[in-house]
Amino acid sequence: MRITRIHVDRPLQAGSDLRLPDDAAHHLAVVLRAKAGQPLVLFHAGVEAQAVLVQADRKAVVAHVDSIAVVERESPLQIHLAIGISRGERMDFVLQKSTELGVSAITPLFCERTEVKLPAERLQKKMEQWQKIITGACEQSGRTRLPRLQAATTLSACLAADTSARRFVLHHRSDSTLAQQTAKPASVLLLVGPEGGLSDNEIRLAQQAGCSPWTLGPRVLRTETAPLAALSVLQYRWGDFC
């Protein structure tokens, strides 16, 4: 039987009892109908705990932490994905799969061709939804650290704040490939546009800020396909994909 993994937002200590977060509690008690005595794996900030449920009902779900261990499954390549906000489930899909592929940070971008209108209240709800998707992807994939979800911002603000050693902008009209890059960086910024791609002005801005253009091949990939293909290539070339 597959043991459920749950992220908790506080340090883990062997021998302690821990009341689980509301979302996790609902999933365990209502969806999975978990009972006292069921084993769990809890994780927080690189620490993984073997635990067992001691209470699982509508009032509370509580786990007893039996043992803890430092467990690192992060890629040696820190990847910051800056991605244009897209419509519907496309953005959710990218966040989920990029987390599985090992990104260390994600910044949603408002670009010139962003079609989604997000006033402040709706944006806040979206950020909460995206954080839950990232957390769920970490629980599923075995990661013990959550990638940072940065505040949604503009392209220029993102470029000004980023400190990655190397920067790339996906640009299907370029003929530059990753094979032409030789030096292995410790960290990378990967910039990807929304539906319709980045405008010529945004690509110029990115290149002026030190982003190398990068094409993935002769075919035009959708906004939810391109970052996942690029992340896989980066992890194979400089990360932890065999």
# chains A, B, ... in the order shown; residues from 1 in each chain; ligands from 1
call {"tool": "residues_around", "arguments": {"residues": "Ile134 of chain A", "least_positions_apart": "2", "cutoff": "9 Å", "atoms": "only C-alpha atoms", "output": "mmCIF file with N, CA and C atoms, in the first residue's frame"}}
result
data_model
loop_
_atom_site.group_PDB
_atom_site.id
_atom_site.type_symbol
_atom_site.label_atom_id
_atom_site.label_comp_id
_atom_site.auth_asym_id
_atom_site.auth_seq_id
_atom_site.Cartn_x
_atom_site.Cartn_y
_atom_site.Cartn_z
ATOM 1 N N ASP A 92 -2.123 25.707 -14.245
ATOM 2 C CA ASP A 92 -2.109 24.686 -13.194
ATOM 3 C C ASP A 92 -1.220 23.520 -13.602
ATOM 4 N N LEU A 95 2.533 24.408 -13.437
ATOM 5 C CA LEU A 95 3.025 24.476 -12.064
ATOM 6 C C LEU A 95 3.197 23.084 -11.475
ATOM 7 N N GLN A 96 2.225 22.221 -11.719
ATOM 8 C CA GLN A 96 2.307 20.860 -11.190
ATOM 9 C C GLN A 96 3.498 20.109 -11.767
ATOM 10 N N LYS A 97 3.615 20.104 -13.087
ATOM 11 C CA LYS A 97 4.648 19.310 -13.737
ATOM 12 C C LYS A 97 6.043 19.911 -13.562
ATOM 13 N N SER A 98 6.161 21.217 -13.533
ATOM 14 C CA SER A 98 7.481 21.812 -13.316
ATOM 15 C C SER A 98 7.973 21.529 -11.896
ATOM 16 N N THR A 99 7.047 21.451 -10.947
ATOM 17 C CA THR A 99 7.427 21.060 -9.589
ATOM 18 C C THR A 99 7.946 19.630 -9.576
ATOM 19 N N GLU A 100 7.256 18.735 -10.264
ATOM 20 C CA GLU A 100 7.718 17.351 -10.362
ATOM 21 C C GLU A 100 9.098 17.281 -11.016
ATOM 22 N N GLN A 129 -4.426 28.961 -4.812
ATOM 23 C CA GLN A 129 -4.683 27.748 -5.589
ATOM 24 C C GLN A 129 -3.386 27.185 -6.144
ATOM 25 N N TRP A 130 -2.529 28.056 -6.694
ATOM 26 C CA TRP A 130 -1.263 27.601 -7.263
ATOM 27 C C TRP A 130 -0.354 27.008 -6.187
ATOM 28 N N GLN A 131 -0.377 27.606 -4.977
ATOM 29 C CA GLN A 131 0.441 27.074 -3.889
ATOM 30 C C GLN A 131 -0.013 25.662 -3.513
ATOM 31 N N LYS A 132 -1.314 25.430 -3.510
ATOM 32 C CA LYS A 132 -1.831 24.094 -3.197
ATOM 33 C C LYS A 132 -1.402 23.083 -4.266
ATOM 34 N N GLY A 136 0.857 19.837 -3.493
ATOM 35 C CA GLY A 136 0.401 18.502 -3.871
ATOM 36 C C GLY A 136 1.399 17.778 -4.760
ATOM 37 N N ALA A 137 2.033 18.522 -5.672
ATOM 38 C CA ALA A 137 3.028 17.922 -6.557
ATOM 39 C C ALA A 137 4.254 17.459 -5.781
ATOM 40 N N CYS A 138 4.637 18.214 -4.755
ATOM 41 C CA CYS A 138 5.762 17.793 -3.903
ATOM 42 C C CYS A 138 5.396 16.538 -3.117
ATOM 43 N N GLU A 139 4.175 16.484 -2.608
ATOM 44 C CA GLU A 139 3.734 15.308 -1.865
ATOM 45 C C GLU A 139 3.753 14.066 -2.745
ATOM 46 N N LEU A 146 9.496 22.597 -0.736
ATOM 47 C CA LEU A 146 8.608 23.229 -1.695
ATOM 48 C C LEU A 146 9.383 24.260 -2.507
ATOM 49 N N PRO A 147 9.211 24.277 -3.823
ATOM 50 C CA PRO A 147 9.766 25.397 -4.588
ATOM 51 C C PRO A 147 9.074 26.690 -4.176
ATOM 52 N N LEU A 149 7.070 29.915 -4.556
ATOM 53 C CA LEU A 149 6.144 30.572 -5.478
ATOM 54 C C LEU A 149 6.261 32.069 -5.236
#
call {"tool": "residues_around", "arguments": {"residues": "Ala160 of chain A", "least_positions_apart": "4", "cutoff": "12 Å", "atoms": "only C-alpha atoms", "output": "list of chain:residue names"}}
result
A:Thr153, A:Thr154, A:Leu155, A:Ser156, A:Ser164, A:Leu189, A:Leu205, A:Ala206, A:Gln208, A:Ala209, A:Gly210
call {"tool": "write_last_selection", "arguments": {"atoms": "N, CA, C and O atoms", "output": "PDB file, in the first residue's frame"}}
result
ATOM      1  N   THR A 153       4.349  39.111 -11.117  1.00  0.00           N
ATOM      2  CA  THR A 153       4.961  40.406 -11.377  1.00  0.00           C
ATOM      3  C   THR A 153       5.166  40.609 -12.871  1.00  0.00           C
ATOM      4  O   THR A 153       4.783  39.780 -13.691  1.00  0.00           O
ATOM      5  N   THR A 154       5.785  41.717 -13.228  1.00  0.00           N
ATOM      6  CA  THR A 154       6.085  42.013 -14.632  1.00  0.00           C
ATOM      7  C   THR A 154       7.423  41.410 -15.024  1.00  0.00           C
ATOM      8  O   THR A 154       8.245  41.045 -14.164  1.00  0.00           O
ATOM      9  N   LEU A 155       7.648  41.332 -16.318  1.00  0.00           N
ATOM     10  CA  LEU A 155       8.906  40.792 -16.818  1.00  0.00           C
ATOM     11  C   LEU A 155      10.088  41.623 -16.342  1.00  0.00           C
ATOM     12  O   LEU A 155      11.102  41.077 -15.874  1.00  0.00           O
ATOM     13  N   SER A 156       9.991  42.929 -16.435  1.00  0.00           N
ATOM     14  CA  SER A 156      11.123  43.788 -16.056  1.00  0.00           C
ATOM     15  C   SER A 156      11.443  43.659 -14.573  1.00  0.00           C
ATOM     16  O   SER A 156      12.617  43.622 -14.183  1.00  0.00           O
ATOM     17  N   SER A 164      20.121  34.520 -10.851  1.00  0.00           N
ATOM     18  CA  SER A 164      20.629  33.274 -11.420  1.00  0.00           C
ATOM     19  C   SER A 164      21.946  33.497 -12.156  1.00  0.00           C
ATOM     20  O   SER A 164      22.194  34.556 -12.727  1.00  0.00           O
ATOM     21  N   LEU A 189      17.858  30.858 -14.837  1.00  0.00           N
ATOM     22  CA  LEU A 189      16.536  31.450 -15.034  1.00  0.00           C
ATOM     23  C   LEU A 189      16.029  30.986 -16.391  1.00  0.00           C
ATOM     24  O   LEU A 189      16.714  31.143 -17.404  1.00  0.00           O
ATOM     25  N   LEU A 205      14.056  42.963 -24.395  1.00  0.00           N
ATOM     26  CA  LEU A 205      14.288  43.320 -22.986  1.00  0.00           C
ATOM     27  C   LEU A 205      15.009  42.189 -22.265  1.00  0.00           C
ATOM     28  O   LEU A 205      15.957  42.425 -21.503  1.00  0.00           O
ATOM     29  N   ALA A 206      14.575  40.961 -22.523  1.00  0.00           N
ATOM     30  CA  ALA A 206      15.203  39.809 -21.876  1.00  0.00           C
ATOM     31  C   ALA A 206      16.659  39.666 -22.305  1.00  0.00           C
ATOM     32  O   ALA A 206      17.546  39.424 -21.471  1.00  0.00           O
ATOM     33  N   GLN A 208      18.634  42.002 -23.444  1.00  0.00           N
ATOM     34  CA  GLN A 208      19.400  43.109 -22.880  1.00  0.00           C
ATOM     35  C   GLN A 208      19.740  42.859 -21.414  1.00  0.00           C
ATOM     36  O   GLN A 208      20.742  43.371 -20.899  1.00  0.00           O
ATOM     37  N   ALA A 209      18.898  42.054 -20.734  1.00  0.00           N
ATOM     38  CA  ALA A 209      19.127  41.728 -19.324  1.00  0.00           C
ATOM     39  C   ALA A 209      19.965  40.460 -19.164  1.00  0.00           C
ATOM     40  O   ALA A 209      20.083  39.933 -18.056  1.00  0.00           O
ATOM     41  N   GLY A 210      20.540  39.973 -20.251  1.00  0.00           N
ATOM     42  CA  GLY A 210      21.461  38.852 -20.164  1.00  0.00           C
ATOM     43  C   GLY A 210      20.867  37.487 -20.440  1.00  0.00           C
ATOM     44  O   GLY A 210      21.525  36.463 -20.198  1.00  0.00           O
TER      45      GLY A 210
END
call {"tool": "select_by_dssp", "arguments": {"residues": "segment 27-123 of chain A", "states": "strand (DSSP E)", "output": "JSON, numbers by chain"}}
result
{"A": [39, 40, 41, 42, 43, 44, 47, 48, 49, 50, 51, 52, 53, 54, 55, 56, 61, 62, 63, 64, 65, 66, 67, 68, 69, 70, 78, 79, 80, 81, 82, 83, 84, 105, 106, 107, 108, 109, 110]}
call {"tool": "residues_around", "arguments": {"residues": "Ile85 of chain A", "least_positions_apart": "2", "cutoff": "9 Å", "atoms": "only C-alpha atoms", "output": "list in words"}}
result
Ile83, Arg87, Arg90, Met91, Pro108, Leu109, Phe110, Cys111, Thr114, Glu115, Val116, Ala152, Gly193, Pro194 and Glu195 of chain A
call {"tool": "atom_distance", "arguments": {"atom1": "atom CA of Gln150 of chain A", "atom2": "atom CA of Glu121 of chain A"}}
result
16.8 Å
call {"tool": "atom_distance", "arguments": {"atom1": "atom CA of Arg167 of chain A", "atom2": "atom CA of Gln180 of chain A"}}
result
14.0 Å
call {"tool": "atom_distance", "arguments": {"atom1": "atom CA of Arg204 of chain A", "atom2": "atom CA of Val233 of chain A"}}
result
23.8 Å
call {"tool": "select_by_dssp", "arguments": {"residues": "segment 46-95 of chain A", "states": "helix (DSSP H, G or I)", "output": "PyMOL selection string"}}
result
chain A and resi 89-95
call {"tool": "write_last_selection", "arguments": {"atoms": "all heavy atoms", "output": "compact mmCIF listing (two decimals), in the first residue's frame"}}
result
# COMPACT_ATOMS: atom_id res chain seq x y z
N GLU A 89 -6.69 25.68 -17.18
CA GLU A 89 -5.90 24.66 -16.52
C GLU A 89 -4.46 24.59 -17.02
O GLU A 89 -3.65 23.83 -16.49
CB GLU A 89 -6.56 23.30 -16.70
CG GLU A 89 -7.94 23.20 -16.05
CD GLU A 89 -8.59 21.85 -16.26
OE1 GLU A 89 -8.00 21.03 -17.02
OE2 GLU A 89 -9.65 21.61 -15.68
N ARG A 90 -4.12 25.38 -18.03
CA ARG A 90 -2.76 25.33 -18.57
C ARG A 90 -1.74 25.74 -17.51
O ARG A 90 -0.70 25.10 -17.36
CB ARG A 90 -2.64 26.23 -19.80
CG ARG A 90 -3.44 25.74 -21.00
CD ARG A 90 -3.37 26.73 -22.14
NE ARG A 90 -4.14 26.26 -23.29
CZ ARG A 90 -4.37 26.97 -24.37
NH1 ARG A 90 -3.86 28.20 -24.48
NH2 ARG A 90 -5.09 26.48 -25.37
N MET A 91 -2.04 26.82 -16.80
CA MET A 91 -1.10 27.29 -15.77
C MET A 91 -1.00 26.28 -14.65
O MET A 91 0.10 25.99 -14.16
CB MET A 91 -1.57 28.65 -15.24
CG MET A 91 -0.58 29.34 -14.34
SD MET A 91 0.84 29.96 -15.28
CE MET A 91 1.74 30.80 -13.99
N ASP A 92 -2.12 25.71 -14.25
CA ASP A 92 -2.11 24.69 -13.19
C ASP A 92 -1.22 23.52 -13.60
O ASP A 92 -0.43 23.01 -12.80
CB ASP A 92 -3.53 24.17 -12.92
CG ASP A 92 -4.46 25.25 -12.40
OD1 ASP A 92 -3.99 26.36 -12.08
OD2 ASP A 92 -5.68 24.98 -12.32
N PHE A 93 -1.36 23.10 -14.86
CA PHE A 93 -0.59 21.96 -15.37
C PHE A 93 0.90 22.26 -15.34
O PHE A 93 1.71 21.43 -14.90
CB PHE A 93 -1.06 21.65 -16.80
CG PHE A 93 -0.36 20.49 -17.44
CD1 PHE A 93 -0.74 19.19 -17.16
CD2 PHE A 93 0.69 20.69 -18.34
CE1 PHE A 93 -0.10 18.11 -17.76
CE2 PHE A 93 1.33 19.63 -18.94
CZ PHE A 93 0.94 18.33 -18.65
N VAL A 94 1.28 23.45 -15.79
CA VAL A 94 2.70 23.82 -15.80
C VAL A 94 3.27 23.84 -14.39
O VAL A 94 4.38 23.34 -14.14
CB VAL A 94 2.90 25.18 -16.48
CG1 VAL A 94 4.33 25.70 -16.27
CG2 VAL A 94 2.62 25.09 -17.97
N LEU A 95 2.53 24.41 -13.44
CA LEU A 95 3.03 24.48 -12.06
C LEU A 95 3.20 23.08 -11.47
O LEU A 95 4.20 22.79 -10.81
CB LEU A 95 2.06 25.29 -11.20
CG LEU A 95 1.93 26.77 -11.56
CD1 LEU A 95 0.91 27.45 -10.66
CD2 LEU A 95 3.27 27.48 -11.44
call {"tool": "residues_around", "arguments": {"residues": "segment 168-170 of chain A", "least_positions_apart": "3", "cutoff": "6 Å", "atoms": "only C-alpha atoms", "output": "number ranges by chain"}}
result
A: 190-192, 211-215
call {"tool": "write_last_selection", "arguments": {"atoms": "N, CA, C and O atoms", "output": "PDB file, in the first residue's frame"}}
result
ATOM      1  N   LEU A 190      14.821  30.408 -16.405  1.00  0.00           N
ATOM      2  CA  LEU A 190      14.179  30.001 -17.642  1.00  0.00           C
ATOM      3  C   LEU A 190      12.947  30.867 -17.842  1.00  0.00           C
ATOM      4  O   LEU A 190      12.008  30.814 -17.044  1.00  0.00           O
ATOM      5  N   LEU A 191      12.949  31.658 -18.898  1.00  0.00           N
ATOM      6  CA  LEU A 191      11.871  32.598 -19.173  1.00  0.00           C
ATOM      7  C   LEU A 191      11.017  32.083 -20.328  1.00  0.00           C
ATOM      8  O   LEU A 191      11.527  31.815 -21.413  1.00  0.00           O
ATOM      9  N   VAL A 192       9.701  31.946 -20.067  1.00  0.00           N
ATOM     10  CA  VAL A 192       8.771  31.402 -21.057  1.00  0.00           C
ATOM     11  C   VAL A 192       7.540  32.312 -21.127  1.00  0.00           C
ATOM     12  O   VAL A 192       7.014  32.736 -20.098  1.00  0.00           O
ATOM     13  N   CYS A 211      19.654  37.432 -20.979  1.00  0.00           N
ATOM     14  CA  CYS A 211      19.032  36.146 -21.314  1.00  0.00           C
ATOM     15  C   CYS A 211      19.505  35.685 -22.684  1.00  0.00           C
ATOM     16  O   CYS A 211      19.346  36.403 -23.675  1.00  0.00           O
ATOM     17  N   SER A 212      20.061  34.497 -22.746  1.00  0.00           N
ATOM     18  CA  SER A 212      20.444  33.915 -24.030  1.00  0.00           C
ATOM     19  C   SER A 212      19.214  33.329 -24.700  1.00  0.00           C
ATOM     20  O   SER A 212      18.446  32.606 -24.064  1.00  0.00           O
ATOM     21  N   PRO A 213      18.974  33.606 -25.987  1.00  0.00           N
ATOM     22  CA  PRO A 213      17.843  32.983 -26.682  1.00  0.00           C
ATOM     23  C   PRO A 213      18.085  31.491 -26.822  1.00  0.00           C
ATOM     24  O   PRO A 213      19.219  31.046 -26.991  1.00  0.00           O
ATOM     25  N   TRP A 214      16.999  30.729 -26.761  1.00  0.00           N
ATOM     26  CA  TRP A 214      17.108  29.268 -26.826  1.00  0.00           C
ATOM     27  C   TRP A 214      15.903  28.716 -27.570  1.00  0.00           C
ATOM     28  O   TRP A 214      14.761  28.997 -27.194  1.00  0.00           O
ATOM     29  N   THR A 215      16.168  27.967 -28.626  1.00  0.00           N
ATOM     30  CA  THR A 215      15.097  27.293 -29.345  1.00  0.00           C
ATOM     31  C   THR A 215      15.161  25.801 -29.057  1.00  0.00           C
ATOM     32  O   THR A 215      16.252  25.233 -28.939  1.00  0.00           O
TER      33      THR A 215
END
call {"tool": "closest_atom_pairs", "arguments": {"of": "segment 71-102 of chain A", "to": "segment 38-49 of chain A", "cutoff": "9 Å", "atoms": "only C-alpha atoms", "output": "JSON lines"}}
result
{"residue": "A:Val71", "atom": "CA", "partner": "A:Gly46", "partner_atom": "CA", "distance": 5.6}
{"residue": "A:Glu72", "atom": "CA", "partner": "A:Gly46", "partner_atom": "CA", "distance": 5.7}
{"residue": "A:Arg73", "atom": "CA", "partner": "A:Gly46", "partner_atom": "CA", "distance": 8.2}
{"residue": "A:Glu74", "atom": "CA", "partner": "A:Gly46", "partner_atom": "CA", "distance": 8.9}
